[in-house]
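Let me begin by presenting the structure, written as structure tokens, before commenting on it.
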Protein chains: 2
Amino acid sequence: MIGKFYGIGVGPGDKELLTIKATKILKEIDIIICPESVKGKGSIALNICSEYLKDDVEILPLTFPMTYDENVLKKKWKENSDIIYKKLKSGKDVAFLTLGDPSVYSTYMYLLPHLKEKDVLINTIPGITSFSSIANNLNIPLATSEETIGILPLRKDANKLENFLDNYDNVIIMKPSHASKKIAEVLIKKGYENNFVMVSKSGTDKEKVVTDINRLKNEKVPYLSTVIVKKNKI
Amino acid sequence: MIGKFYGIGVGPGDKELLTIKATKILKEIDIIICPESVKGKGSIALNICSEYLKDDVEILPLTFPMTYDENVLKKKWKENSDIIYKKLKSGKDVAFLTLGDPSVYSTYMYLLPHLKEKDVLINTIPGITSFSSIANNLNIPLATSEETIGILPLRKDANKLENFLDNYDNVIIMKPSHASKKIAEVLIKKGYENNFVMVSKSGTDKEKVVTDINRLKNEKVPYLSTVIVKKNKI
């Protein structure tokens with residue numbers, strides 16, 4: 001019989017932010033797939049959930065290169081889905097780990113069309129997002145009452161940000177590391193230099209909270225960072 | 001010594017979607033505050049987490065009327081925060097329950113300014129949001145790659161929705177129950193009548209999934225519902 005396939009959101013970094021459902025599944029699972037950007041680099045997601053795993057669990061790192069070349073990516077997703085399918089066909093249960101939540105900007109979702117084509121039953125388990133963790137840690141709302149929220153990944157450029165700040169009450173900027181200087185400039189231009197917080201590596205012992213616009217402008221920003229802008233106040 | 005105060009996100013309805021952190025705190029807590037919209041109506045949030053509570057826990061329902069009258073609300077929040085503060089001063093630990101996530105459109109956040117004024121240490125624990133739960137259950141992404149997400153509460157009117165659909169790749173409509181007919185009309189007008197899903201009472205045995213625009217237009221929509229619109233596809 002073919003094994004069961006799970007996508008598991010492990011949250012932003014704190015091992016206690018996994019759900020009861022996620023830990024129950026992890027305790028039973030035979031094979032854990034850890035996405036890596038570079039082969040042998042290791043997996044933050046695996047570190048977060050390591051204490052919930054079976055002693056004899058098989059850890060299978062799969063490389064998902066960080067590139068914008070769609071052809072490279074599509075070939076890799078197909079290859080990786082074939083590897084996963086082969087494991088499932090051997091009767092083993094397989095779980096794919098995702099930092100944060102699988103439905104929010106995860107590599108995992110690119111695998112699903114390939115697995116859906118086959119006879120695989122897919123179960124995806126939600127996780128706490130970085131922005132939810134950050135807001136709760138700071139005891140601030142992402143939004144209240146009639147306020148709107150806009151979520152914007154800024155991997156390539158920061159051009160959309162001005163429009164977002166004009167239109168939304170609260171703006172969440174994902175993956176700000178490459179555009180942090182530009183983000184700081186836009187926040188200053190729009191008069192929101194005191195209305196933001198950036199948190200890097202939320203929920204880990206390397207967590208960094210930045211509310212000084214000069215630090216956002218001048219310091220190197222880690223990849224695992226999120227910026228929250230609240231037009232009313234932070 | 002003054003007790004500790006917690007805000008706890010209990011997720012959308014499935015008791016296994018609480019985090020490990022939330023259940024650990026709930027097992028130790030002396031007094032649970034359950035928000036009710038009408039006195040004596042009961043609390044969905046309490047039902048979700050009841051099995052994690054101490055046997056001798058004190059359950060304290062507090063009424064937060066569903067009104068848009070700011071004066072009524074402000075008076076009530078102040079009153080309720082005074083009740084909570086009195087309990088904390090007696091040395092008891094108190095937890096306030098929130099459906100979904102405390103940072104996303106919750107009553108809880110209105111209490112915090114009153115408690116922050118006093119010498120209360122506040123710990124807010126994130127929860128899984130309805131929209132994350134829905135997307136993961138359906139194995140669909142809320143967003144991938146460079147896509148944007150807009151989150152819009154439609155308590156009063158649906159006028160903003162057209163603008164949202166023009167500007168964002170994915171739109172999440174919170175609290176659609178009073179505007180469902182209008183939402184259906186806008187989706188048809190914009191050609192997105194096949195690009196939406198509405199889920200009511202997600203994660204409970206009363207869960208309802210609607211993808212037929214005529215049902216959205218004509219059926220009564222429960223209060224605990226969320227609509228996800230994906231312009232690319234659902």
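Chain identifiers are assigned as A, B, and so on, following the order in which chains appear in the structure tokens; residues are numbered from 1 within each chain, and ligands are numbered from 1 in order of appearance.
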
* What's the 10 Å shell around Asn170 in chain B, counting only C-alpha atoms, without same-chain residues fewer than 4 positions away, as number ranges by chain? -> A: 151; B: 141-144, 147-151, 164-165, 195-196, 228-234

Within 7 Å of chain A, which residues belong to chain B? Use only C-alpha atoms and report them as a PDB file with all heavy atoms, in the first residue's frame.
ATOM      1  N   GLU B  16      -6.810  20.100  17.695  1.00  0.00           N
ATOM      2  CA  GLU B  16      -5.405  19.730  17.472  1.00  0.00           C
ATOM      3  C   GLU B  16      -4.611  20.835  16.779  1.00  0.00           C
ATOM      4  O   GLU B  16      -3.418  20.692  16.542  1.00  0.00           O
ATOM      5  CB  GLU B  16      -5.314  18.430  16.668  1.00  0.00           C
ATOM      6  CG  GLU B  16      -5.810  17.238  17.460  1.00  0.00           C
ATOM      7  CD  GLU B  16      -5.317  15.912  16.910  1.00  0.00           C
ATOM      8  OE1 GLU B  16      -4.915  15.867  15.732  1.00  0.00           O
ATOM      9  OE2 GLU B  16      -5.336  14.925  17.664  1.00  0.00           O
ATOM     10  N   LEU B  17      -5.283  21.925  16.422  1.00  0.00           N
ATOM     11  CA  LEU B  17      -4.545  23.050  15.816  1.00  0.00           C
ATOM     12  C   LEU B  17      -4.078  24.065  16.851  1.00  0.00           C
ATOM     13  O   LEU B  17      -3.551  25.116  16.499  1.00  0.00           O
ATOM     14  CB  LEU B  17      -5.361  23.712  14.708  1.00  0.00           C
ATOM     15  CG  LEU B  17      -5.485  22.887  13.421  1.00  0.00           C
ATOM     16  CD1 LEU B  17      -6.198  23.692  12.336  1.00  0.00           C
ATOM     17  CD2 LEU B  17      -4.117  22.423  12.895  1.00  0.00           C
ATOM     18  N   LEU B  18      -4.263  23.771  18.146  1.00  0.00           N
ATOM     19  CA  LEU B  18      -3.588  24.603  19.144  1.00  0.00           C
ATOM     20  C   LEU B  18      -2.100  24.302  19.101  1.00  0.00           C
ATOM     21  O   LEU B  18      -1.682  23.199  18.758  1.00  0.00           O
ATOM     22  CB  LEU B  18      -4.107  24.307  20.548  1.00  0.00           C
ATOM     23  CG  LEU B  18      -5.279  25.175  21.008  1.00  0.00           C
ATOM     24  CD1 LEU B  18      -6.589  24.572  20.573  1.00  0.00           C
ATOM     25  CD2 LEU B  18      -5.240  25.387  22.504  1.00  0.00           C
ATOM     26  N   THR B  19      -1.273  25.272  19.485  1.00  0.00           N
ATOM     27  CA  THR B  19       0.162  25.021  19.556  1.00  0.00           C
ATOM     28  C   THR B  19       0.510  24.301  20.868  1.00  0.00           C
ATOM     29  O   THR B  19      -0.249  24.349  21.840  1.00  0.00           O
ATOM     30  CB  THR B  19       0.973  26.332  19.502  1.00  0.00           C
ATOM     31  OG1 THR B  19       0.646  27.107  20.643  1.00  0.00           O
ATOM     32  CG2 THR B  19       0.679  27.120  18.229  1.00  0.00           C
ATOM     33  N   ILE B  20       1.677  23.679  20.851  1.00  0.00           N
ATOM     34  CA  ILE B  20       2.211  23.066  22.074  1.00  0.00           C
ATOM     35  C   ILE B  20       2.284  24.115  23.188  1.00  0.00           C
ATOM     36  O   ILE B  20       1.893  23.864  24.334  1.00  0.00           O
ATOM     37  CB  ILE B  20       3.632  22.513  21.802  1.00  0.00           C
ATOM     38  CG1 ILE B  20       3.599  21.421  20.724  1.00  0.00           C
ATOM     39  CG2 ILE B  20       4.294  22.027  23.079  1.00  0.00           C
ATOM     40  CD1 ILE B  20       3.013  20.113  21.170  1.00  0.00           C
ATOM     41  N   LYS B  21       2.754  25.306  22.822  1.00  0.00           N
ATOM     42  CA  LYS B  21       2.890  26.382  23.814  1.00  0.00           C
ATOM     43  C   LYS B  21       1.538  26.724  24.447  1.00  0.00           C
ATOM     44  O   LYS B  21       1.428  26.857  25.666  1.00  0.00           O
ATOM     45  CB  LYS B  21       3.499  27.616  23.129  1.00  0.00           C
ATOM     46  CG  LYS B  21       3.801  28.746  24.076  1.00  0.00           C
ATOM     47  CD  LYS B  21       4.652  29.836  23.431  1.00  0.00           C
ATOM     48  CE  LYS B  21       6.100  29.425  23.397  1.00  0.00           C
ATOM     49  NZ  LYS B  21       7.024  30.524  23.037  1.00  0.00           N
ATOM     50  N   PRO B 102      -4.707  35.903  17.958  1.00  0.00           N
ATOM     51  CA  PRO B 102      -4.999  37.162  18.673  1.00  0.00           C
ATOM     52  C   PRO B 102      -4.617  38.428  17.904  1.00  0.00           C
ATOM     53  O   PRO B 102      -5.178  39.496  18.163  1.00  0.00           O
ATOM     54  CB  PRO B 102      -4.154  37.040  19.947  1.00  0.00           C
ATOM     55  CG  PRO B 102      -3.931  35.584  20.137  1.00  0.00           C
ATOM     56  CD  PRO B 102      -3.831  35.012  18.748  1.00  0.00           C
ATOM     57  N   SER B 103      -3.674  38.326  16.957  1.00  0.00           N
ATOM     58  CA  SER B 103      -3.236  39.550  16.263  1.00  0.00           C
ATOM     59  C   SER B 103      -4.116  39.886  15.060  1.00  0.00           C
ATOM     60  O   SER B 103      -3.949  40.936  14.444  1.00  0.00           O
ATOM     61  CB  SER B 103      -1.766  39.417  15.821  1.00  0.00           C
ATOM     62  OG  SER B 103      -1.631  38.543  14.723  1.00  0.00           O
ATOM     63  N   VAL B 104      -5.029  38.984  14.709  1.00  0.00           N
ATOM     64  CA  VAL B 104      -5.835  39.178  13.496  1.00  0.00           C
ATOM     65  C   VAL B 104      -7.302  39.440  13.866  1.00  0.00           C
ATOM     66  O   VAL B 104      -8.058  38.517  14.137  1.00  0.00           O
ATOM     67  CB  VAL B 104      -5.706  37.934  12.575  1.00  0.00           C
ATOM     68  CG1 VAL B 104      -6.578  38.071  11.339  1.00  0.00           C
ATOM     69  CG2 VAL B 104      -4.239  37.732  12.175  1.00  0.00           C
ATOM     70  N   TYR B 105      -7.678  40.722  13.904  1.00  0.00           N
ATOM     71  CA  TYR B 105      -9.070  41.142  14.117  1.00  0.00           C
ATOM     72  C   TYR B 105      -9.693  40.569  15.388  1.00  0.00           C
ATOM     73  O   TYR B 105     -10.817  40.077  15.367  1.00  0.00           O
ATOM     74  CB  TYR B 105      -9.941  40.758  12.904  1.00  0.00           C
ATOM     75  CG  TYR B 105      -9.456  41.349  11.613  1.00  0.00           C
ATOM     76  CD1 TYR B 105      -8.865  40.553  10.635  1.00  0.00           C
ATOM     77  CD2 TYR B 105      -9.575  42.720  11.368  1.00  0.00           C
ATOM     78  CE1 TYR B 105      -8.398  41.101   9.450  1.00  0.00           C
ATOM     79  CE2 TYR B 105      -9.129  43.278  10.182  1.00  0.00           C
ATOM     80  CZ  TYR B 105      -8.532  42.464   9.229  1.00  0.00           C
ATOM     81  OH  TYR B 105      -8.077  42.999   8.052  1.00  0.00           O
ATOM     82  N   SER B 106      -8.967  40.600  16.499  1.00  0.00           N
ATOM     83  CA  SER B 106      -9.564  40.055  17.718  1.00  0.00           C
ATOM     84  C   SER B 106      -9.921  41.151  18.711  1.00  0.00           C
ATOM     85  O   SER B 106      -9.292  42.204  18.773  1.00  0.00           O
ATOM     86  CB  SER B 106      -8.620  39.059  18.384  1.00  0.00           C
ATOM     87  OG  SER B 106      -7.638  39.745  19.106  1.00  0.00           O
ATOM     88  N   MET B 109      -7.221  42.525  21.504  1.00  0.00           N
ATOM     89  CA  MET B 109      -6.263  43.628  21.355  1.00  0.00           C
ATOM     90  C   MET B 109      -6.784  44.948  21.938  1.00  0.00           C
ATOM     91  O   MET B 109      -6.004  45.825  22.268  1.00  0.00           O
ATOM     92  CB  MET B 109      -5.884  43.817  19.889  1.00  0.00           C
ATOM     93  CG  MET B 109      -4.922  42.762  19.384  1.00  0.00           C
ATOM     94  SD  MET B 109      -3.279  42.901  20.168  1.00  0.00           S
ATOM     95  CE  MET B 109      -2.515  41.351  19.662  1.00  0.00           C
ATOM     96  N   THR B 124       1.307  37.031  24.673  1.00  0.00           N
ATOM     97  CA  THR B 124       0.296  36.664  23.682  1.00  0.00           C
ATOM     98  C   THR B 124       0.827  35.515  22.834  1.00  0.00           C
ATOM     99  O   THR B 124       1.945  35.576  22.313  1.00  0.00           O
ATOM    100  CB  THR B 124      -0.055  37.879  22.803  1.00  0.00           C
ATOM    101  OG1 THR B 124      -0.298  39.004  23.639  1.00  0.00           O
ATOM    102  CG2 THR B 124      -1.303  37.588  21.981  1.00  0.00           C
ATOM    103  N   ILE B 125       0.024  34.469  22.718  1.00  0.00           N
ATOM    104  CA  ILE B 125       0.450  33.234  22.037  1.00  0.00           C
ATOM    105  C   ILE B 125      -0.311  33.121  20.713  1.00  0.00           C
ATOM    106  O   ILE B 125      -1.544  33.090  20.704  1.00  0.00           O
ATOM    107  CB  ILE B 125       0.134  31.995  22.912  1.00  0.00           C
ATOM    108  CG1 ILE B 125       0.639  32.199  24.353  1.00  0.00           C
ATOM    109  CG2 ILE B 125       0.718  30.729  22.276  1.00  0.00           C
ATOM    110  CD1 ILE B 125       2.121  32.463  24.479  1.00  0.00           C
ATOM    111  N   PRO B 126       0.431  33.036  19.594  1.00  0.00           N
ATOM    112  CA  PRO B 126      -0.246  33.020  18.295  1.00  0.00           C
ATOM    113  C   PRO B 126      -1.084  31.766  18.079  1.00  0.00           C
ATOM    114  O   PRO B 126      -0.846  30.728  18.700  1.00  0.00           O
ATOM    115  CB  PRO B 126       0.911  33.069  17.286  1.00  0.00           C
ATOM    116  CG  PRO B 126       2.123  32.617  18.022  1.00  0.00           C
ATOM    117  CD  PRO B 126       1.900  32.987  19.457  1.00  0.00           C
ATOM    118  N   GLY B 127      -2.055  31.890  17.183  1.00  0.00           N
ATOM    119  CA  GLY B 127      -2.892  30.739  16.815  1.00  0.00           C
ATOM    120  C   GLY B 127      -2.990  30.638  15.306  1.00  0.00           C
ATOM    121  O   GLY B 127      -2.640  31.574  14.585  1.00  0.00           O
ATOM    122  N   ILE B 128      -3.474  29.493  14.814  1.00  0.00           N
ATOM    123  CA  ILE B 128      -3.675  29.309  13.374  1.00  0.00           C
ATOM    124  C   ILE B 128      -4.901  30.127  12.955  1.00  0.00           C
ATOM    125  O   ILE B 128      -5.952  30.052  13.585  1.00  0.00           O
ATOM    126  CB  ILE B 128      -3.894  27.812  13.052  1.00  0.00           C
ATOM    127  CG1 ILE B 128      -2.703  26.965  13.512  1.00  0.00           C
ATOM    128  CG2 ILE B 128      -4.213  27.605  11.578  1.00  0.00           C
ATOM    129  CD1 ILE B 128      -1.414  27.195  12.753  1.00  0.00           C
ATOM    130  N   SER B 132      -5.466  30.418   6.915  1.00  0.00           N
ATOM    131  CA  SER B 132      -4.373  29.465   6.792  1.00  0.00           C
ATOM    132  C   SER B 132      -4.915  28.040   6.864  1.00  0.00           C
ATOM    133  O   SER B 132      -4.551  27.168   6.068  1.00  0.00           O
ATOM    134  CB  SER B 132      -3.359  29.724   7.911  1.00  0.00           C
ATOM    135  OG  SER B 132      -2.515  28.628   8.094  1.00  0.00           O
ATOM    136  N   SER B 133      -5.800  27.786   7.807  1.00  0.00           N
ATOM    137  CA  SER B 133      -6.394  26.460   7.953  1.00  0.00           C
ATOM    138  C   SER B 133      -7.123  26.041   6.677  1.00  0.00           C
ATOM    139  O   SER B 133      -6.973  24.911   6.194  1.00  0.00           O
ATOM    140  CB  SER B 133      -7.365  26.489   9.138  1.00  0.00           C
ATOM    141  OG  SER B 133      -8.129  25.321   9.196  1.00  0.00           O
ATOM    142  N   ALA B 135      -6.746  27.141   3.495  1.00  0.00           N
ATOM    143  CA  ALA B 135      -5.846  26.919   2.356  1.00  0.00           C
ATOM    144  C   ALA B 135      -5.100  25.593   2.509  1.00  0.00           C
ATOM    145  O   ALA B 135      -4.995  24.812   1.563  1.00  0.00           O
ATOM    146  CB  ALA B 135      -4.862  28.078   2.232  1.00  0.00           C
ATOM    147  N   ASN B 136      -4.599  25.311   3.706  1.00  0.00           N
ATOM    148  CA  ASN B 136      -3.881  24.060   3.928  1.00  0.00           C
ATOM    149  C   ASN B 136      -4.799  22.845   3.761  1.00  0.00           C
ATOM    150  O   ASN B 136      -4.416  21.850   3.147  1.00  0.00           O
ATOM    151  CB  ASN B 136      -3.216  24.064   5.306  1.00  0.00           C
ATOM    152  CG  ASN B 136      -1.959  24.914   5.334  1.00  0.00           C
ATOM    153  OD1 ASN B 136      -0.932  24.515   4.806  1.00  0.00           O
ATOM    154  ND2 ASN B 136      -2.041  26.112   5.895  1.00  0.00           N
ATOM    155  N   ASN B 137      -6.019  22.935   4.291  1.00  0.00           N
ATOM    156  CA  ASN B 137      -6.975  21.818   4.128  1.00  0.00           C
ATOM    157  C   ASN B 137      -7.234  21.517   2.658  1.00  0.00           C
ATOM    158  O   ASN B 137      -7.427  20.381   2.279  1.00  0.00           O
ATOM    159  CB  ASN B 137      -8.313  22.157   4.786  1.00  0.00           C
ATOM    160  CG  ASN B 137      -8.292  21.912   6.280  1.00  0.00           C
ATOM    161  OD1 ASN B 137      -7.353  21.308   6.791  1.00  0.00           O
ATOM    162  ND2 ASN B 137      -9.306  22.385   6.966  1.00  0.00           N
ATOM    163  N   ASN B 139      -5.139  22.134   0.283  1.00  0.00           N
ATOM    164  CA  ASN B 139      -3.835  21.965  -0.388  1.00  0.00           C
ATOM    165  C   ASN B 139      -3.610  23.021  -1.467  1.00  0.00           C
ATOM    166  O   ASN B 139      -3.094  22.730  -2.549  1.00  0.00           O
ATOM    167  CB  ASN B 139      -3.723  20.560  -1.008  1.00  0.00           C
ATOM    168  CG  ASN B 139      -3.842  19.466   0.025  1.00  0.00           C
ATOM    169  OD1 ASN B 139      -3.177  19.497   1.059  1.00  0.00           O
ATOM    170  ND2 ASN B 139      -4.710  18.496  -0.233  1.00  0.00           N
ATOM    171  N   ILE B 140      -4.013  24.242  -1.173  1.00  0.00           N
ATOM    172  CA  ILE B 140      -3.754  25.348  -2.101  1.00  0.00           C
ATOM    173  C   ILE B 140      -2.935  26.429  -1.403  1.00  0.00           C
ATOM    174  O   ILE B 140      -3.037  26.599  -0.184  1.00  0.00           O
ATOM    175  CB  ILE B 140      -5.052  25.990  -2.665  1.00  0.00           C
ATOM    176  CG1 ILE B 140      -5.933  26.567  -1.534  1.00  0.00           C
ATOM    177  CG2 ILE B 140      -5.849  24.976  -3.503  1.00  0.00           C
ATOM    178  CD1 ILE B 140      -7.109  27.398  -2.019  1.00  0.00           C
ATOM    179  N   PRO B 141      -2.104  27.150  -2.175  1.00  0.00           N
ATOM    180  CA  PRO B 141      -1.362  28.249  -1.549  1.00  0.00           C
ATOM    181  C   PRO B 141      -2.230  29.508  -1.406  1.00  0.00           C
ATOM    182  O   PRO B 141      -3.053  29.786  -2.269  1.00  0.00           O
ATOM    183  CB  PRO B 141      -0.234  28.512  -2.554  1.00  0.00           C
ATOM    184  CG  PRO B 141      -0.763  28.040  -3.873  1.00  0.00           C
ATOM    185  CD  PRO B 141      -1.762  26.941  -3.584  1.00  0.00           C
ATOM    186  N   LEU B 142      -2.031  30.252  -0.325  1.00  0.00           N
ATOM    187  CA  LEU B 142      -2.598  31.607  -0.260  1.00  0.00           C
ATOM    188  C   LEU B 142      -1.852  32.498  -1.234  1.00  0.00           C
ATOM    189  O   LEU B 142      -2.428  33.389  -1.836  1.00  0.00           O
ATOM    190  CB  LEU B 142      -2.505  32.163   1.162  1.00  0.00           C
ATOM    191  CG  LEU B 142      -3.465  31.536   2.171  1.00  0.00           C
ATOM    192  CD1 LEU B 142      -3.114  31.961   3.588  1.00  0.00           C
ATOM    193  CD2 LEU B 142      -4.908  31.897   1.845  1.00  0.00           C
ATOM    194  N   ALA B 143      -0.545  32.253  -1.380  1.00  0.00           N
ATOM    195  CA  ALA B 143       0.257  32.977  -2.375  1.00  0.00           C
ATOM    196  C   ALA B 143       1.557  32.219  -2.606  1.00  0.00           C
ATOM    197  O   ALA B 143       2.057  31.529  -1.718  1.00  0.00           O
ATOM    198  CB  ALA B 143       0.573  34.394  -1.884  1.00  0.00           C
ATOM    199  N   THR B 144       2.088  32.353  -3.809  1.00  0.00           N
ATOM    200  CA  THR B 144       3.409  31.808  -4.131  1.00  0.00           C
ATOM    201  C   THR B 144       4.234  32.897  -4.815  1.00  0.00           C
ATOM    202  O   THR B 144       3.683  33.866  -5.337  1.00  0.00           O
ATOM    203  CB  THR B 144       3.322  30.604  -5.102  1.00  0.00           C
ATOM    204  OG1 THR B 144       2.603  31.012  -6.264  1.00  0.00           O
ATOM    205  CG2 THR B 144       2.632  29.423  -4.461  1.00  0.00           C
ATOM    206  N   SER B 145       5.551  32.677  -4.831  1.00  0.00           N
ATOM    207  CA  SER B 145       6.473  33.509  -5.598  1.00  0.00           C
ATOM    208  C   SER B 145       6.292  35.011  -5.318  1.00  0.00           C
ATOM    209  O   SER B 145       6.379  35.422  -4.180  1.00  0.00           O
ATOM    210  CB  SER B 145       6.296  33.179  -7.080  1.00  0.00           C
ATOM    211  OG  SER B 145       7.310  33.798  -7.826  1.00  0.00           O
ATOM    212  N   GLU B 146       6.007  35.801  -6.352  1.00  0.00           N
ATOM    213  CA  GLU B 146       5.904  37.257  -6.186  1.00  0.00           C
ATOM    214  C   GLU B 146       4.470  37.729  -5.954  1.00  0.00           C
ATOM    215  O   GLU B 146       4.200  38.938  -5.963  1.00  0.00           O
ATOM    216  CB  GLU B 146       6.439  37.954  -7.452  1.00  0.00           C
ATOM    217  CG  GLU B 146       7.848  37.580  -7.859  1.00  0.00           C
ATOM    218  CD  GLU B 146       8.881  38.122  -6.902  1.00  0.00           C
ATOM    219  OE1 GLU B 146       8.821  39.308  -6.547  1.00  0.00           O
ATOM    220  OE2 GLU B 146       9.750  37.332  -6.486  1.00  0.00           O
ATOM    221  N   THR B 148       0.875  38.809  -4.393  1.00  0.00           N
ATOM    222  CA  THR B 148       0.495  39.586  -3.211  1.00  0.00           C
ATOM    223  C   THR B 148      -0.796  39.033  -2.603  1.00  0.00           C
ATOM    224  O   THR B 148      -1.562  38.324  -3.259  1.00  0.00           O
ATOM    225  CB  THR B 148       0.275  41.060  -3.591  1.00  0.00           C
ATOM    226  OG1 THR B 148      -0.683  41.117  -4.649  1.00  0.00           O
ATOM    227  CG2 THR B 148       1.561  41.715  -4.044  1.00  0.00           C
ATOM    228  N   ILE B 149      -1.001  39.373  -1.335  1.00  0.00           N
ATOM    229  CA  ILE B 149      -2.220  38.990  -0.617  1.00  0.00           C
ATOM    230  C   ILE B 149      -2.837  40.250  -0.017  1.00  0.00           C
ATOM    231  O   ILE B 149      -2.133  41.053   0.586  1.00  0.00           O
ATOM    232  CB  ILE B 149      -1.913  38.009   0.552  1.00  0.00           C
ATOM    233  CG1 ILE B 149      -1.170  36.762   0.056  1.00  0.00           C
ATOM    234  CG2 ILE B 149      -3.193  37.617   1.287  1.00  0.00           C
ATOM    235  CD1 ILE B 149      -0.669  35.844   1.188  1.00  0.00           C
ATOM    236  N   GLY B 150      -4.137  40.405  -0.185  1.00  0.00           N
ATOM    237  CA  GLY B 150      -4.859  41.476   0.504  1.00  0.00           C
ATOM    238  C   GLY B 150      -5.887  40.871   1.442  1.00  0.00           C
ATOM    239  O   GLY B 150      -6.617  39.956   1.055  1.00  0.00           O
ATOM    240  N   ILE B 151      -5.924  41.365   2.671  1.00  0.00           N
ATOM    241  CA  ILE B 151      -6.904  40.871   3.652  1.00  0.00           C
ATOM    242  C   ILE B 151      -7.858  42.014   4.011  1.00  0.00           C
ATOM    243  O   ILE B 151      -7.414  43.105   4.365  1.00  0.00           O
ATOM    244  CB  ILE B 151      -6.223  40.336   4.927  1.00  0.00           C
ATOM    245  CG1 ILE B 151      -5.162  39.280   4.549  1.00  0.00           C
ATOM    246  CG2 ILE B 151      -7.255  39.738   5.886  1.00  0.00           C
ATOM    247  CD1 ILE B 151      -4.352  38.747   5.732  1.00  0.00           C
ATOM    248  N   LEU B 152      -9.138  41.723   3.913  1.00  0.00           N
ATOM    249  CA  LEU B 152     -10.177  42.759   3.943  1.00  0.00           C
ATOM    250  C   LEU B 152     -11.355  42.273   4.781  1.00  0.00           C
ATOM    251  O   LEU B 152     -11.976  41.271   4.438  1.00  0.00           O
ATOM    252  CB  LEU B 152     -10.625  42.954   2.489  1.00  0.00           C
ATOM    253  CG  LEU B 152     -11.828  43.802   2.162  1.00  0.00           C
ATOM    254  CD1 LEU B 152     -11.491  45.267   2.421  1.00  0.00           C
ATOM    255  CD2 LEU B 152     -12.210  43.619   0.697  1.00  0.00           C
ATOM    256  N   PRO B 153     -11.663  42.958   5.883  1.00  0.00           N
ATOM    257  CA  PRO B 153     -12.879  42.587   6.608  1.00  0.00           C
ATOM    258  C   PRO B 153     -14.069  43.271   5.948  1.00  0.00           C
ATOM    259  O   PRO B 153     -13.984  44.443   5.585  1.00  0.00           O
ATOM    260  CB  PRO B 153     -12.636  43.144   8.011  1.00  0.00           C
ATOM    261  CG  PRO B 153     -11.622  44.221   7.848  1.00  0.00           C
ATOM    262  CD  PRO B 153     -10.961  44.091   6.519  1.00  0.00           C
TER     263      PRO B 153
END

* Would you kindly return, as a ChimeraX atom specification, each protein, DNA or RNA residue with an atom no farther than 7 Å from any atom of Ser202 in chain A, considering only C-alpha atoms and excluding same-chain residues fewer than 5 positions away? => /A:12-13,130,134,207

Expected file contents, prior selection, all heavy atoms, as a short mmCIF file (atom, residue, chain, number, x, y, z; two decimals), in the first residue's frame:
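As written to disk, selection-v5.cif reads:
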data_model
loop_
_atom_site.label_atom_id
_atom_site.label_comp_id
_atom_site.auth_asym_id
_atom_site.auth_seq_id
_atom_site.Cartn_x
_atom_site.Cartn_y
_atom_site.Cartn_z
N PRO A 12 7.69 29.57 12.85
CA PRO A 12 8.81 30.46 12.52
C PRO A 12 10.13 30.12 13.18
O PRO A 12 11.17 30.63 12.76
CB PRO A 12 8.31 31.82 13.03
CG PRO A 12 7.37 31.48 14.14
CD PRO A 12 6.73 30.18 13.77
N GLY A 13 10.16 29.29 14.24
CA GLY A 13 11.46 29.02 14.86
C GLY A 13 11.38 28.45 16.26
O GLY A 13 12.26 27.71 16.67
N SER A 130 5.50 33.78 10.31
CA SER A 130 6.43 34.70 10.97
C SER A 130 5.70 35.97 11.41
O SER A 130 5.89 36.45 12.53
CB SER A 130 7.57 35.08 10.01
OG SER A 130 7.05 35.75 8.87
N ILE A 134 5.47 37.42 15.21
CA ILE A 134 6.06 38.73 15.55
C ILE A 134 5.03 39.63 16.23
O ILE A 134 5.29 40.22 17.27
CB ILE A 134 6.59 39.41 14.27
CG1 ILE A 134 7.81 38.65 13.76
CG2 ILE A 134 6.91 40.89 14.53
CD1 ILE A 134 8.23 39.04 12.35
N GLU A 207 17.04 35.89 17.57
CA GLU A 207 16.02 36.88 17.18
C GLU A 207 16.55 38.31 17.32
O GLU A 207 17.22 38.64 18.29
CB GLU A 207 14.78 36.70 18.05
CG GLU A 207 13.68 37.70 17.71
CD GLU A 207 12.39 37.43 18.48
OE1 GLU A 207 11.72 36.43 18.19
OE2 GLU A 207 12.08 38.23 19.39
#

* In range 104-219 of chain A, DSSP strand (DSSP E or B) residues written as an MDAnalysis selection string -> chainID A and resid 104 122:125 143 149:153 170:174 196:200 208:210

* Asked: Could you name the residues that touch Trp77 in chain A at 10 Å or less, counting only C-alpha atoms, but leaving out those on the same chain fewer than 2 positions away, as a VMD selection string?
  -> chain A and resid 62 to 65 71 to 75 79 to 83 107 to 114

* **Counting only C-alpha atoms, the option among B:Ile29, B:Ile2, B:Ile84, B:Leu161 closest to Asp56 in chain B** =>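 Answer, going by the shortest atom-to-atom distance: B:Ile29.
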
* Restricting the calculation to only C-alpha atoms, which member of B:Asn214, B:Val10, B:Met1, B:Lys76 is positioned closest to Asn47 in chain B? -> B:Val10

* Asked: Where does DSSP see alpha helix (DSSP H) in range 5-219 of chain A, if you list the residues as a ChimeraX atom specification?
  -> /A:20-28,44-49,70-89,108-117,130-137,159-167,180-190,213-218

* List the neighbours of Leu26 in chain A out to 9 Å using only C-alpha atoms; skip same-chain residues closer than 6 positions along the sequence, and give me the result as a list in words. =>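 Neighbouring residues, sequence-local ones excluded: Ile8, Ile32, Cys49, Tyr52, Leu53, Lys54 and Ala95 of chain A.
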
With C-alpha atoms kept, could you save the residues just selected as an mmCIF file, in the first residue's frame?
data_model
loop_
_atom_site.group_PDB
_atom_site.id
_atom_site.type_symbol
_atom_site.label_atom_id
_atom_site.label_comp_id
_atom_site.auth_asym_id
_atom_site.auth_seq_id
_atom_site.Cartn_x
_atom_site.Cartn_y
_atom_site.Cartn_z
ATOM 1 C CA ILE A 8 3.909 20.189 7.785
ATOM 2 C CA ILE A 32 11.250 13.440 6.697
ATOM 3 C CA CYS A 49 11.052 19.821 15.064
ATOM 4 C CA TYR A 52 9.323 15.276 17.988
ATOM 5 C CA LEU A 53 10.749 12.682 15.543
ATOM 6 C CA LYS A 54 11.017 8.885 15.861
ATOM 7 C CA ALA A 95 6.428 14.370 5.617
#
